[in-house]
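Undergrad: Please find one structure pasted underneath; my questions will follow.
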Amino acid sequence: MSEFIPSSCSDLHTVLPVIWFGASLAAQQLAHQMTVRWPEMLFLTLEVVKLPAFGLALVAPLTTGNWSSLVSLSLDSCGLKAQGISLLIQGNWPALACLHLSDNCLDAEAMALLVKGKWPLTEINLHYNPALDAMGIKYLSAANWSLKSLGISHTPFCAAMVVELAKLQLHDLTTIDLEKTGMAAAAMSELAKADWPLLRKLILSQNNLDAAAMHHLSMMCLPKLEVLELAWANLISAGAYWLARGCYPLLQRLDLSYNKLDAKAVQYIANGRWPLLQSLSLTGNPFGRHGWQHLTKGRWPRLNELVVDPSGHMTALGV
């Protein structure tokens with residue numbers, strides 16, 4: 001869709017609800033479309049992605065004109081740094097709820113500017129930002145946003161970053177994505193101090209969650225948790241023991257795929273008190289025939305999807 005260039009606002013309504021400009025469209029041409037040919041911007045979502053060489057040229061036209069209906073803005077892989085963010089915060093977007101800034105160069109300076117944006121944000125994605133540090137995380141506390149979704153996956157976290165993350169007063173937060181952030185036991189001990197009473201979805205896949213890390217996870221107060229993703233997390237039976245002891249009365253989906261869960265681990269999981277569990281993924285785990293026997297004893301009356309793979313092939317079974 002990157003070749004599509006609407007000639008009028010009517011085209012935006014009738015042809016495409018989402019405008020996605022890929023690397024084949026020059027920034028100058030895009031700026032012209034925004035400021036001259038589309039004088040009244042009425043669409044809800046704009047994605048400008050994979051143009052790292054034109055970050056500033058792309059942001060400038062977004063801060064002018066009528067964008068009163070814009071709800072979601074994606075500027076992923078646009079090479080944005082502090083200078084670009086200083087332009088971005090000038091945007092007058094009274095309806096902007098979702099902002100995606102993944103795969104950029106956001107450091108503490110950029111984050112200090114970003115939190116000045118006067119938008120009613122409920123979702124922000126900062127995935128793949130390796131320059132992000134503890135101070136950058138801390139600046140999020142200064143934002144006047146009621147965040148419900150925060151994504152910071154595939155970003156290496158140091159201990160200080162986890163400390164600052166746990167301190168954030170995100171009382172409306174329902175989803176957090178911390179996949180592949182280097183979480184291990186020490187980090188999880190800090191994360192367990194977070195006060196996110198409304199959290200419904202927690203993603204911790206591709207981390208090193210040993211028994212100690214899972215112990216800390218089990219201590220987190222997550223009374224509203226519905227989705228827990230722990231795939232590729234080096235889980236073993238000792239970690240499964242602590243997982244089963246966690247209090248997640250509303251848990252509906254649990255992803256434990258591609259770990260090191262043997263029959264003993266599955267026995268612990270089968271003892272998990274998750275009466276609302278509907279989906280369980282155990283694919284890629286070496287639990288064998290005895291593990292299957294333990295699974296039949298699980299107390300999950302609402303389970304309707306079991307994904308298992310004892311033979312090396314993913315299989316979806318209705319239960």
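FYI, nothing fancy with the structure tokens labels: chains A, B, ... in order, residues from 1 per chain, ligands from 1 as they appear.
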Using only C-alpha atoms, determine which residues lie at most 6 Å from region 85-97 of chain A, disregarding the query and same-chain residues fewer than 4 positions distant; provide the list as a PDB file with N, CA, C and O atoms, in the first residue's frame.
TA:
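Ended up saving to around.pdb:
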ATOM      1  N   THR A  63       2.746  18.726  12.674  1.00  0.00           N
ATOM      2  CA  THR A  63       2.459  19.705  13.722  1.00  0.00           C
ATOM      3  C   THR A  63       1.631  20.881  13.217  1.00  0.00           C
ATOM      4  O   THR A  63       1.341  21.800  13.977  1.00  0.00           O
ATOM      5  N   TRP A  67      -5.708  18.211  12.461  1.00  0.00           N
ATOM      6  CA  TRP A  67      -5.611  16.780  12.765  1.00  0.00           C
ATOM      7  C   TRP A  67      -6.520  16.439  13.938  1.00  0.00           C
ATOM      8  O   TRP A  67      -6.204  15.590  14.769  1.00  0.00           O
ATOM      9  N   SER A  68      -7.638  17.106  14.006  1.00  0.00           N
ATOM     10  CA  SER A  68      -8.498  16.998  15.181  1.00  0.00           C
ATOM     11  C   SER A  68      -9.077  15.611  15.397  1.00  0.00           C
ATOM     12  O   SER A  68      -9.468  15.270  16.513  1.00  0.00           O
ATOM     13  N   LEU A  70      -7.400  12.703  14.611  1.00  0.00           N
ATOM     14  CA  LEU A  70      -6.356  11.700  14.685  1.00  0.00           C
ATOM     15  C   LEU A  70      -6.353  11.006  16.044  1.00  0.00           C
ATOM     16  O   LEU A  70      -6.196  11.644  17.089  1.00  0.00           O
ATOM     17  N   VAL A  71      -6.518   9.682  16.027  1.00  0.00           N
ATOM     18  CA  VAL A  71      -6.572   8.884  17.249  1.00  0.00           C
ATOM     19  C   VAL A  71      -5.295   8.087  17.445  1.00  0.00           C
ATOM     20  O   VAL A  71      -4.831   7.913  18.571  1.00  0.00           O
ATOM     21  N   SER A  72      -4.705   7.605  16.345  1.00  0.00           N
ATOM     22  CA  SER A  72      -3.515   6.755  16.438  1.00  0.00           C
ATOM     23  C   SER A  72      -2.441   7.221  15.476  1.00  0.00           C
ATOM     24  O   SER A  72      -2.712   7.432  14.294  1.00  0.00           O
ATOM     25  N   GLY A 117       4.116  16.265  25.787  1.00  0.00           N
ATOM     26  CA  GLY A 117       3.026  16.239  24.822  1.00  0.00           C
ATOM     27  C   GLY A 117       1.667  16.291  25.504  1.00  0.00           C
ATOM     28  O   GLY A 117       1.378  15.491  26.395  1.00  0.00           O
ATOM     29  N   TRP A 119      -1.469  15.367  25.047  1.00  0.00           N
ATOM     30  CA  TRP A 119      -2.409  14.505  24.339  1.00  0.00           C
ATOM     31  C   TRP A 119      -3.060  13.561  25.344  1.00  0.00           C
ATOM     32  O   TRP A 119      -2.440  13.190  26.340  1.00  0.00           O
ATOM     33  N   PRO A 120      -4.269  13.119  25.084  1.00  0.00           N
ATOM     34  CA  PRO A 120      -4.941  12.179  25.997  1.00  0.00           C
ATOM     35  C   PRO A 120      -4.515  10.736  25.749  1.00  0.00           C
ATOM     36  O   PRO A 120      -5.340   9.855  25.514  1.00  0.00           O
ATOM     37  N   LEU A 121      -3.214  10.488  25.814  1.00  0.00           N
ATOM     38  CA  LEU A 121      -2.695   9.157  25.492  1.00  0.00           C
ATOM     39  C   LEU A 121      -3.164   8.105  26.495  1.00  0.00           C
ATOM     40  O   LEU A 121      -3.144   8.316  27.703  1.00  0.00           O
ATOM     41  N   THR A 122      -3.530   6.948  25.948  1.00  0.00           N
ATOM     42  CA  THR A 122      -3.801   5.772  26.773  1.00  0.00           C
ATOM     43  C   THR A 122      -2.878   4.623  26.398  1.00  0.00           C
ATOM     44  O   THR A 122      -2.793   3.640  27.124  1.00  0.00           O
TER      45      THR A 122
END
Undergrad: Could you pull out the strand (DSSP E or B) residues of region 99-311 of chain A from DSSP and send them as a ChimeraX atom specification?
TA: /A:99-100,123-125,149-151,175-177,201-203,227-229,253-255,279-281,305-308
Undergrad: Write the residues of the selection above to a file with N, CA, C and O atoms, as a CSV table (one decimal), in the first residue's frame.
TA:
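Once everything was written out, this is out.csv:
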chain,number,residue,atom,x,y,z
A,99,LEU,N,0.2,6.2,20.5
A,99,LEU,CA,1.4,6.7,19.9
A,99,LEU,C,2.4,5.6,19.9
A,99,LEU,O,2.8,5.1,20.9
A,100,HIS,N,2.9,5.3,18.7
A,100,HIS,CA,3.8,4.2,18.5
A,100,HIS,C,5.2,4.8,18.0
A,100,HIS,O,5.2,5.4,16.9
A,123,GLU,N,-2.2,4.7,25.3
A,123,GLU,CA,-1.3,3.7,24.8
A,123,GLU,C,0.0,4.3,24.2
A,123,GLU,O,-0.1,5.2,23.4
A,124,ILE,N,1.1,3.8,24.6
A,124,ILE,CA,2.4,4.2,24.0
A,124,ILE,C,3.3,3.0,23.8
A,124,ILE,O,3.4,2.2,24.7
A,125,ASN,N,3.9,2.8,22.7
A,125,ASN,CA,4.8,1.7,22.4
A,125,ASN,C,6.2,2.3,22.1
A,125,ASN,O,6.4,3.2,21.2
A,149,SER,N,-1.9,1.0,28.3
A,149,SER,CA,-1.0,0.1,27.6
A,149,SER,C,0.4,0.7,27.4
A,149,SER,O,0.5,1.8,26.9
A,150,LEU,N,1.4,-0.1,27.9
A,150,LEU,CA,2.8,0.4,27.8
A,150,LEU,C,3.6,-0.7,27.2
A,150,LEU,O,3.7,-1.8,27.7
A,151,GLY,N,4.3,-0.5,26.1
A,151,GLY,CA,5.1,-1.5,25.4
A,151,GLY,C,6.6,-1.0,25.4
A,151,GLY,O,6.9,0.0,24.8
A,175,THR,N,-2.1,-3.3,30.3
A,175,THR,CA,-1.3,-4.1,29.5
A,175,THR,C,0.2,-3.6,29.6
A,175,THR,O,0.4,-2.4,29.4
A,176,ILE,N,1.1,-4.5,29.8
A,176,ILE,CA,2.5,-4.1,29.7
A,176,ILE,C,3.3,-5.2,29.0
A,176,ILE,O,3.1,-6.4,29.3
A,177,ASP,N,4.1,-4.8,28.1
A,177,ASP,CA,4.9,-5.7,27.3
A,177,ASP,C,6.4,-5.5,27.6
A,177,ASP,O,6.9,-4.5,27.2
A,201,LYS,N,-2.9,-7.8,31.3
A,201,LYS,CA,-2.0,-8.6,30.4
A,201,LYS,C,-0.6,-8.3,30.7
A,201,LYS,O,-0.2,-7.1,30.7
A,202,LEU,N,0.2,-9.3,30.9
A,202,LEU,CA,1.6,-9.2,31.3
A,202,LEU,C,2.4,-10.1,30.3
A,202,LEU,O,2.2,-11.3,30.3
A,203,ILE,N,3.3,-9.5,29.6
A,203,ILE,CA,4.1,-10.2,28.6
A,203,ILE,C,5.6,-10.2,29.1
A,203,ILE,O,6.2,-9.1,29.2
A,227,VAL,N,-4.2,-12.4,31.1
A,227,VAL,CA,-3.3,-13.0,30.1
A,227,VAL,C,-1.9,-12.9,30.6
A,227,VAL,O,-1.4,-11.8,31.0
A,228,LEU,N,-1.2,-14.1,30.6
A,228,LEU,CA,0.2,-14.1,31.1
A,228,LEU,C,1.0,-14.9,30.0
A,228,LEU,O,0.7,-16.0,29.7
A,229,GLU,N,2.0,-14.2,29.4
A,229,GLU,CA,2.8,-14.8,28.3
A,229,GLU,C,4.2,-15.0,28.8
A,229,GLU,O,4.9,-14.0,29.1
A,253,ARG,N,-5.7,-16.8,29.8
A,253,ARG,CA,-4.8,-17.3,28.8
A,253,ARG,C,-3.4,-17.4,29.3
A,253,ARG,O,-2.9,-16.4,29.9
A,254,LEU,N,-2.8,-18.5,29.2
A,254,LEU,CA,-1.4,-18.8,29.7
A,254,LEU,C,-0.6,-19.4,28.6
A,254,LEU,O,-0.9,-20.5,28.1
A,255,ASP,N,0.5,-18.7,28.3
A,255,ASP,CA,1.4,-19.2,27.2
A,255,ASP,C,2.7,-19.6,27.9
A,255,ASP,O,3.5,-18.7,28.3
A,279,SER,N,-7.4,-20.9,27.7
A,279,SER,CA,-6.3,-21.2,26.7
A,279,SER,C,-5.0,-21.5,27.4
A,279,SER,O,-4.5,-20.6,28.2
A,280,LEU,N,-4.4,-22.6,27.1
A,280,LEU,CA,-3.1,-23.0,27.7
A,280,LEU,C,-2.2,-23.5,26.6
A,280,LEU,O,-2.6,-24.4,25.8
A,281,SER,N,-1.0,-22.9,26.4
A,281,SER,CA,-0.1,-23.3,25.4
A,281,SER,C,1.2,-23.9,26.1
A,281,SER,O,1.8,-23.2,26.9
A,305,GLU,N,-9.1,-24.5,24.7
A,305,GLU,CA,-7.9,-24.5,23.8
A,305,GLU,C,-6.7,-25.0,24.5
A,305,GLU,O,-6.2,-24.3,25.5
A,306,LEU,N,-6.2,-26.1,24.1
A,306,LEU,CA,-4.9,-26.6,24.6
A,306,LEU,C,-3.9,-26.8,23.5
A,306,LEU,O,-4.2,-27.6,22.5
A,307,VAL,N,-2.8,-26.1,23.5
A,307,VAL,CA,-1.8,-26.2,22.4
A,307,VAL,C,-0.6,-26.9,23.0
A,307,VAL,O,0.1,-26.5,23.9
A,308,VAL,N,-0.4,-28.1,22.4
A,308,VAL,CA,0.7,-29.0,22.9
A,308,VAL,C,1.5,-29.5,21.8
A,308,VAL,O,1.0,-29.5,20.6
Undergrad: What's the 8 Å shell around Phe287 (chain A), counting only C-alpha atoms, without same-chain residues fewer than 4 positions away, as a PyMOL selection string?
TA: chain A and resi 261-266+291-292+310
Undergrad: Just checking: using only C-alpha atoms, which residue out of A:Thr155, A:Ser141, A:Asn129, A:Ser218 ends up closest to Leu168 (chain A)?
TA: A:Ser141
Undergrad: Just the number, please: distance in Å from CA of Leu73 (chain A) to CA of Leu225 (chain A), one decimal.
TA: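 That distance, rounded to one decimal, is 27.7 Å.
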